[in-house]
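First up is the structure itself, then whatever we jot down about it.
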Amino acid sequence: MAFSEKRENNGAAEDSNHSRLIKLREFDDTKLGVKGLVDAAVAKVPEIFRISNNNNKHQSSSGSVLTIPVIDLKHPNTTAAAAVRREIVGGIRGSCEEWGFFQVVNHGIPEGILDEMIQGVRRFHELDPEIKKRYYTRDLISGFFLVSNFDLYRSAAASWRDTMGCVAAPDLPPPEQLPDATRDILIEYSKQVKQLSKTILELLSEALGLEPNRLNQLGCGAGQLLLGHYYPACPEPEVTIGVTDHTDASFITILLQDQIGGLQVLHRNKWVDVQPRKGALVVNLGDLLQLVSNDKFISVSHRVVPKRIGPRISVACFLRPLIHKGDTDSPPVYGPIPELLSEENPPVYVEADVREFMRIHSSRGLDEPSPLQHFRV
Ligand code: OGA
Ligand code: NI
């Protein structure tokens, strides 16, 4: 290619990057997210959301009977005999080694609270736009927020979803900072999820062959970020993504989804649907659990495909280390847990500074390689 021709092509690419950036800013500046587009009755998905054709790396397993494992918790802390607990722990171990995902039933959170939490997220996203706008920000740690696409300026295509949320542990923001539409249920749901997360971390510790308290003591549930996602009905689902494939930068994520469906996990190079199950919660392992387990348990790619029907609503609680300003007594680094290492099983990760880990995570597009790669031996 002649020099002048090449320069012209680069110039064209720059122009198109520039015009994309302008469109992204315009969208961001509306502060109304994807819901704002849907309210304006767009018949076509705007350019910034369009995925390229070669983005479909893996096949879907449509027609397959595969489903992620369901674990019946049967209130393990109160009534279960040792044999039942062993069975639960065995089920969790298998799920974490094979899938990185499982669903839990009989987890102790009443179905009425789950339903009301979904409604609370819906009420917030369907608030009067002028009220909702006031919460729109890319600052996810200082209070309650609304945002569309955490990685808006970094991803190849924007996702058809908006998100509200706040830090939920160690503490929620003061109640007066939470919107009326969701305040009471957010406080109640977050209390219940904290309780359940302790139980799940105990079971995961046992599944790794560790003392039941080990992961709780390591602070794996100390920081929690609660997100309420809203995936509006999409006029052109075949060219759009609800959320692009990614792994979570958490120890674990506890997810509540409504009955619409669309969440898929990558299993043996195929996308498998996570079937909505009334009353169940989905648990998935994040990159930090893969790291501390020294690859015994896996953090698996997942995505959400959009639909013509909607909105779909989900609530994700990310269990993370304390990483915010002022959290001085939390451990600064995480590495493979020493009890899991031996001569045959040497560490595959170096110790990761959690602030560095989170910085790498949030400075890339969700669809780029996970920060785990940076810390491999
Ligand atoms: C996430 C996520 C899935 C969903 O928040 O990281 O994967 O169903 N959510 O909303
Ligand atoms: Ni996720």
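Just remember, in the structure tokens the first chain shown is A, the second B, etc., residues are 1-based per chain, and ligands are 1-based in the order shown.
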
- Task: Give as a count of residues only the residues surrounding ligand 1 up to a distance of 10 Å, considering only C-alpha atoms and all ligand atoms.
- Result: 46

- Got a sec to tell me which of region 16-164 of chain A DSSP assigns to strand (DSSP E), as a ChimeraX atom specification? /A:59-60,70-72,101-105,145-147,162-164

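For the pair CA of Asp29 (chain A) and CA of Gly120 (chain A), the interatomic distance is 25.0 Å.
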
- Item | Exercise: Tyr136 (chain A) partners within 9 Å, only C-alpha atoms, chain neighbours under 4 positions left out, as a PyMOL selection string | chain A and resi 31-33+132+145-148+164

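The coordinates place CA of Leu24 (chain A) at 28.3 Å from CA of Ala181 (chain A).
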
- Item | For region 330-340 of chain A: contacts at 10 Å, only C-alpha atoms, fewer than 4 positions along chain excluded, given as an MDAnalysis selection string | chainID A and resid 208:210 214:215 218:220 222:223 288:296 321:324 326 345:357 375

How would the residues just chosen look if you wrote them out with N, CA and C atoms as an mmCIF file, in the first residue's frame?
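Result file is out-v3.cif:
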data_model
loop_
_atom_site.group_PDB
_atom_site.id
_atom_site.type_symbol
_atom_site.label_atom_id
_atom_site.label_comp_id
_atom_site.auth_asym_id
_atom_site.auth_seq_id
_atom_site.Cartn_x
_atom_site.Cartn_y
_atom_site.Cartn_z
ATOM 1 N N LEU A 208 -13.412 -26.523 49.339
ATOM 2 C CA LEU A 208 -11.978 -26.463 49.009
ATOM 3 C C LEU A 208 -11.146 -27.299 49.976
ATOM 4 N N GLY A 209 -11.812 -27.899 50.990
ATOM 5 C CA GLY A 209 -11.083 -28.676 51.993
ATOM 6 C C GLY A 209 -10.476 -27.799 53.079
ATOM 7 N N LEU A 210 -11.022 -26.607 53.267
ATOM 8 C CA LEU A 210 -10.494 -25.667 54.266
ATOM 9 C C LEU A 210 -11.434 -25.603 55.468
ATOM 10 N N ARG A 214 -12.679 -20.109 56.762
ATOM 11 C CA ARG A 214 -11.477 -19.591 56.111
ATOM 12 C C ARG A 214 -11.769 -18.416 55.157
ATOM 13 N N LEU A 215 -12.717 -18.585 54.237
ATOM 14 C CA LEU A 215 -12.946 -17.524 53.240
ATOM 15 C C LEU A 215 -13.579 -16.287 53.883
ATOM 16 N N LEU A 218 -10.784 -14.481 55.506
ATOM 17 C CA LEU A 218 -9.945 -13.805 54.507
ATOM 18 C C LEU A 218 -10.573 -12.499 54.010
ATOM 19 N N GLY A 219 -11.802 -12.260 54.417
ATOM 20 C CA GLY A 219 -12.465 -11.015 54.014
ATOM 21 C C GLY A 219 -13.120 -11.105 52.649
ATOM 22 N N CYS A 220 -13.437 -12.334 52.205
ATOM 23 C CA CYS A 220 -13.990 -12.486 50.847
ATOM 24 C C CYS A 220 -15.387 -11.895 50.700
ATOM 25 N N ALA A 222 -16.275 -9.154 52.649
ATOM 26 C CA ALA A 222 -16.218 -7.899 53.421
ATOM 27 C C ALA A 222 -16.747 -6.702 52.632
ATOM 28 N N GLY A 223 -16.481 -6.696 51.335
ATOM 29 C CA GLY A 223 -16.971 -5.600 50.504
ATOM 30 C C GLY A 223 -18.043 -6.136 49.567
ATOM 31 N N LEU A 288 -11.323 -13.564 41.502
ATOM 32 C CA LEU A 288 -10.549 -13.603 42.753
ATOM 33 C C LEU A 288 -10.655 -14.960 43.448
ATOM 34 N N LEU A 289 -11.782 -15.639 43.275
ATOM 35 C CA LEU A 289 -11.876 -16.974 43.870
ATOM 36 C C LEU A 289 -11.025 -17.968 43.079
ATOM 37 N N GLN A 290 -10.999 -17.808 41.783
ATOM 38 C CA GLN A 290 -10.107 -18.675 40.993
ATOM 39 C C GLN A 290 -8.657 -18.475 41.449
ATOM 40 N N LEU A 291 -8.318 -17.231 41.733
ATOM 41 C CA LEU A 291 -6.946 -16.925 42.157
ATOM 42 C C LEU A 291 -6.629 -17.544 43.527
ATOM 43 N N VAL A 292 -7.481 -17.310 44.534
ATOM 44 C CA VAL A 292 -7.152 -17.850 45.871
ATOM 45 C C VAL A 292 -7.257 -19.369 45.900
ATOM 46 N N SER A 293 -8.070 -19.944 45.001
ATOM 47 C CA SER A 293 -8.177 -21.415 44.972
ATOM 48 C C SER A 293 -7.081 -22.036 44.106
ATOM 49 N N ASN A 294 -6.219 -21.210 43.554
ATOM 50 C CA ASN A 294 -5.115 -21.684 42.714
ATOM 51 C C ASN A 294 -5.617 -22.509 41.531
ATOM 52 N N ASP A 295 -6.689 -22.033 40.884
ATOM 53 C CA ASP A 295 -7.311 -22.678 39.715
ATOM 54 C C ASP A 295 -8.096 -23.947 40.027
ATOM 55 N N LYS A 296 -8.256 -24.304 41.323
ATOM 56 C CA LYS A 296 -9.095 -25.489 41.613
ATOM 57 C C LYS A 296 -10.541 -25.184 41.219
ATOM 58 N N PRO A 321 -13.081 -7.775 47.988
ATOM 59 C CA PRO A 321 -12.323 -7.266 49.132
ATOM 60 C C PRO A 321 -12.686 -5.810 49.370
ATOM 61 N N LEU A 322 -12.341 -5.294 50.521
ATOM 62 C CA LEU A 322 -12.512 -3.863 50.768
ATOM 63 C C LEU A 322 -11.422 -3.140 50.002
ATOM 64 N N ILE A 323 -11.830 -2.216 49.139
ATOM 65 C CA ILE A 323 -10.805 -1.567 48.327
ATOM 66 C C ILE A 323 -10.946 -0.070 48.314
ATOM 67 N N HIS A 324 -11.869 0.439 49.106
ATOM 68 C CA HIS A 324 -12.135 1.867 48.993
ATOM 69 C C HIS A 324 -11.271 2.673 49.932
ATOM 70 N N GLY A 326 -9.865 4.623 52.780
ATOM 71 C CA GLY A 326 -10.188 4.554 54.201
ATOM 72 C C GLY A 326 -10.323 3.131 54.721
ATOM 73 N N ASN A 345 1.242 -29.285 43.714
ATOM 74 C CA ASN A 345 0.310 -28.217 43.368
ATOM 75 C C ASN A 345 0.920 -26.859 43.729
ATOM 76 N N PRO A 346 1.936 -26.462 42.964
ATOM 77 C CA PRO A 346 2.611 -25.190 43.262
ATOM 78 C C PRO A 346 1.733 -24.004 42.873
ATOM 79 N N PRO A 347 2.009 -22.837 43.444
ATOM 80 C CA PRO A 347 1.165 -21.676 43.119
ATOM 81 C C PRO A 347 1.225 -21.331 41.631
ATOM 82 N N VAL A 348 0.050 -21.074 41.045
ATOM 83 C CA VAL A 348 0.026 -20.642 39.649
ATOM 84 C C VAL A 348 -0.174 -19.129 39.541
ATOM 85 N N TYR A 349 -0.383 -18.473 40.696
ATOM 86 C CA TYR A 349 -0.496 -17.012 40.702
ATOM 87 C C TYR A 349 0.478 -16.420 41.712
ATOM 88 N N VAL A 350 0.947 -15.249 41.402
ATOM 89 C CA VAL A 350 1.670 -14.460 42.410
ATOM 90 C C VAL A 350 0.625 -13.715 43.236
ATOM 91 N N GLU A 351 1.058 -13.144 44.342
ATOM 92 C CA GLU A 351 0.098 -12.383 45.138
ATOM 93 C C GLU A 351 -0.328 -11.138 44.367
ATOM 94 N N ALA A 352 -1.629 -10.884 44.391
ATOM 95 C CA ALA A 352 -2.171 -9.745 43.646
ATOM 96 C C ALA A 352 -2.571 -8.649 44.617
ATOM 97 N N ASP A 353 -2.085 -7.445 44.335
ATOM 98 C CA ASP A 353 -2.536 -6.277 45.083
ATOM 99 C C ASP A 353 -3.977 -6.003 44.626
ATOM 100 N N VAL A 354 -4.930 -5.992 45.563
ATOM 101 C CA VAL A 354 -6.324 -5.918 45.117
ATOM 102 C C VAL A 354 -6.661 -4.587 44.457
ATOM 103 N N ARG A 355 -6.012 -3.538 44.886
ATOM 104 C CA ARG A 355 -6.302 -2.248 44.229
ATOM 105 C C ARG A 355 -5.809 -2.277 42.786
ATOM 106 N N GLU A 356 -4.623 -2.888 42.597
ATOM 107 C CA GLU A 356 -4.081 -3.040 41.251
ATOM 108 C C GLU A 356 -5.000 -3.938 40.406
ATOM 109 N N PHE A 357 -5.465 -5.021 41.024
ATOM 110 C CA PHE A 357 -6.359 -5.953 40.341
ATOM 111 C C PHE A 357 -7.615 -5.227 39.855
ATOM 112 N N PHE A 375 -1.491 -11.825 36.743
ATOM 113 C CA PHE A 375 -0.915 -12.328 37.985
ATOM 114 C C PHE A 375 -0.505 -13.799 37.908
#

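Those residues of region 232-295 of chain A that DSSP, working from the backbone, places in helix (DSSP H, G or I) are Pro237, Glu238, Val239, Asp287, Leu288, Leu289, Gln290, Leu291 and Val292 of chain A.
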
Kindly save the residues from that selection, with all heavy atoms included, as an mmCIF file, in the first residue's frame.
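Below is the file result_36.cif, written as the result:
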data_model
loop_
_atom_site.group_PDB
_atom_site.id
_atom_site.type_symbol
_atom_site.label_atom_id
_atom_site.label_comp_id
_atom_site.auth_asym_id
_atom_site.auth_seq_id
_atom_site.Cartn_x
_atom_site.Cartn_y
_atom_site.Cartn_z
ATOM 1 N N PRO A 237 -32.575 -7.578 18.433
ATOM 2 C CA PRO A 237 -31.700 -8.385 19.296
ATOM 3 C C PRO A 237 -30.576 -9.089 18.541
ATOM 4 O O PRO A 237 -29.517 -9.365 19.113
ATOM 5 C CB PRO A 237 -32.651 -9.401 19.946
ATOM 6 C CG PRO A 237 -33.914 -9.331 19.180
ATOM 7 C CD PRO A 237 -33.977 -8.008 18.501
ATOM 8 N N GLU A 238 -30.794 -9.356 17.236
ATOM 9 C CA GLU A 238 -29.770 -10.128 16.502
ATOM 10 C C GLU A 238 -28.484 -9.333 16.264
ATOM 11 O O GLU A 238 -27.439 -9.919 15.959
ATOM 12 C CB GLU A 238 -30.329 -10.730 15.202
ATOM 13 C CG GLU A 238 -31.108 -9.858 14.219
ATOM 14 C CD GLU A 238 -32.376 -9.171 14.765
ATOM 15 O OE1 GLU A 238 -33.123 -9.747 15.587
ATOM 16 O OE2 GLU A 238 -32.609 -8.018 14.370
ATOM 17 N N VAL A 239 -28.508 -8.003 16.429
ATOM 18 C CA VAL A 239 -27.281 -7.219 16.215
ATOM 19 C C VAL A 239 -26.789 -6.563 17.511
ATOM 20 O O VAL A 239 -25.953 -5.667 17.486
ATOM 21 C CB VAL A 239 -27.479 -6.107 15.150
ATOM 22 C CG1 VAL A 239 -27.829 -6.713 13.798
ATOM 23 C CG2 VAL A 239 -28.544 -5.091 15.572
ATOM 24 N N ASP A 287 -13.106 -13.991 39.373
ATOM 25 C CA ASP A 287 -11.663 -14.175 39.165
ATOM 26 C C ASP A 287 -10.892 -14.297 40.472
ATOM 27 O O ASP A 287 -9.900 -15.026 40.554
ATOM 28 C CB ASP A 287 -11.095 -12.982 38.385
ATOM 29 C CG ASP A 287 -11.587 -12.964 36.941
ATOM 30 O OD1 ASP A 287 -12.158 -13.974 36.488
ATOM 31 O OD2 ASP A 287 -11.375 -11.931 36.282
ATOM 32 N N LEU A 288 -11.323 -13.564 41.502
ATOM 33 C CA LEU A 288 -10.549 -13.603 42.753
ATOM 34 C C LEU A 288 -10.655 -14.960 43.448
ATOM 35 O O LEU A 288 -9.723 -15.395 44.114
ATOM 36 C CB LEU A 288 -10.989 -12.476 43.694
ATOM 37 C CG LEU A 288 -10.508 -11.086 43.275
ATOM 38 C CD1 LEU A 288 -11.215 -9.992 44.071
ATOM 39 C CD2 LEU A 288 -8.987 -10.949 43.448
ATOM 40 N N LEU A 289 -11.782 -15.639 43.275
ATOM 41 C CA LEU A 289 -11.876 -16.974 43.870
ATOM 42 C C LEU A 289 -11.025 -17.968 43.079
ATOM 43 O O LEU A 289 -10.381 -18.852 43.648
ATOM 44 C CB LEU A 289 -13.312 -17.470 44.004
ATOM 45 C CG LEU A 289 -13.348 -18.545 45.090
ATOM 46 C CD1 LEU A 289 -13.451 -17.941 46.471
ATOM 47 C CD2 LEU A 289 -14.398 -19.571 44.875
ATOM 48 N N GLN A 290 -10.999 -17.808 41.783
ATOM 49 C CA GLN A 290 -10.107 -18.675 40.993
ATOM 50 C C GLN A 290 -8.657 -18.475 41.449
ATOM 51 O O GLN A 290 -7.902 -19.430 41.596
ATOM 52 C CB GLN A 290 -10.249 -18.371 39.497
ATOM 53 C CG GLN A 290 -9.297 -19.210 38.663
ATOM 54 C CD GLN A 290 -9.610 -19.242 37.179
ATOM 55 O OE1 GLN A 290 -10.742 -19.003 36.738
ATOM 56 N NE2 GLN A 290 -8.597 -19.562 36.384
ATOM 57 N N LEU A 291 -8.318 -17.231 41.733
ATOM 58 C CA LEU A 291 -6.946 -16.925 42.157
ATOM 59 C C LEU A 291 -6.629 -17.544 43.527
ATOM 60 O O LEU A 291 -5.645 -18.260 43.667
ATOM 61 C CB LEU A 291 -6.742 -15.412 42.185
ATOM 62 C CG LEU A 291 -5.345 -14.910 42.506
ATOM 63 C CD1 LEU A 291 -4.992 -13.708 41.643
ATOM 64 C CD2 LEU A 291 -5.194 -14.510 43.968
ATOM 65 N N VAL A 292 -7.481 -17.310 44.534
ATOM 66 C CA VAL A 292 -7.152 -17.850 45.871
ATOM 67 C C VAL A 292 -7.257 -19.369 45.900
ATOM 68 O O VAL A 292 -6.603 -20.025 46.702
ATOM 69 C CB VAL A 292 -7.990 -17.210 47.022
ATOM 70 C CG1 VAL A 292 -7.710 -15.722 47.140
ATOM 71 C CG2 VAL A 292 -9.469 -17.500 46.901
#

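Here the question is which of A:Pro170, A:Pro175, A:Gly94, A:Pro110 gets nearest to Gln192 (chain A) using only C-alpha atoms, and that residue is A:Pro110.
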
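Counting only C-alpha atoms and all ligand atoms, the residue from A:Asn269, A:Lys133, A:Leu341, A:Phe101 that sits nearest to ligand 2 is A:Phe101.
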
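With only C-alpha atoms and all ligand atoms as the atoms that count, the minimum distance from ligand 2 to the choices A:Leu196, A:Gly365, A:Leu372, A:Ser299 is reached by A:Ser299.
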
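With distances taken over only C-alpha atoms and all ligand atoms, A:Ile252 is the one residue among A:Val377, A:Ile252, A:Ala280, A:Val272 lying closest to ligand 2.
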
- Find the spatial neighbours of Glu87 (chain A), counting only C-alpha atoms, within a cut-off of 12 Å - ignore same-chain residues fewer than 4 positions away - and output them as an MDAnalysis selection string. chainID A and resid 71:74 76 80:83 91:94 203 206:207
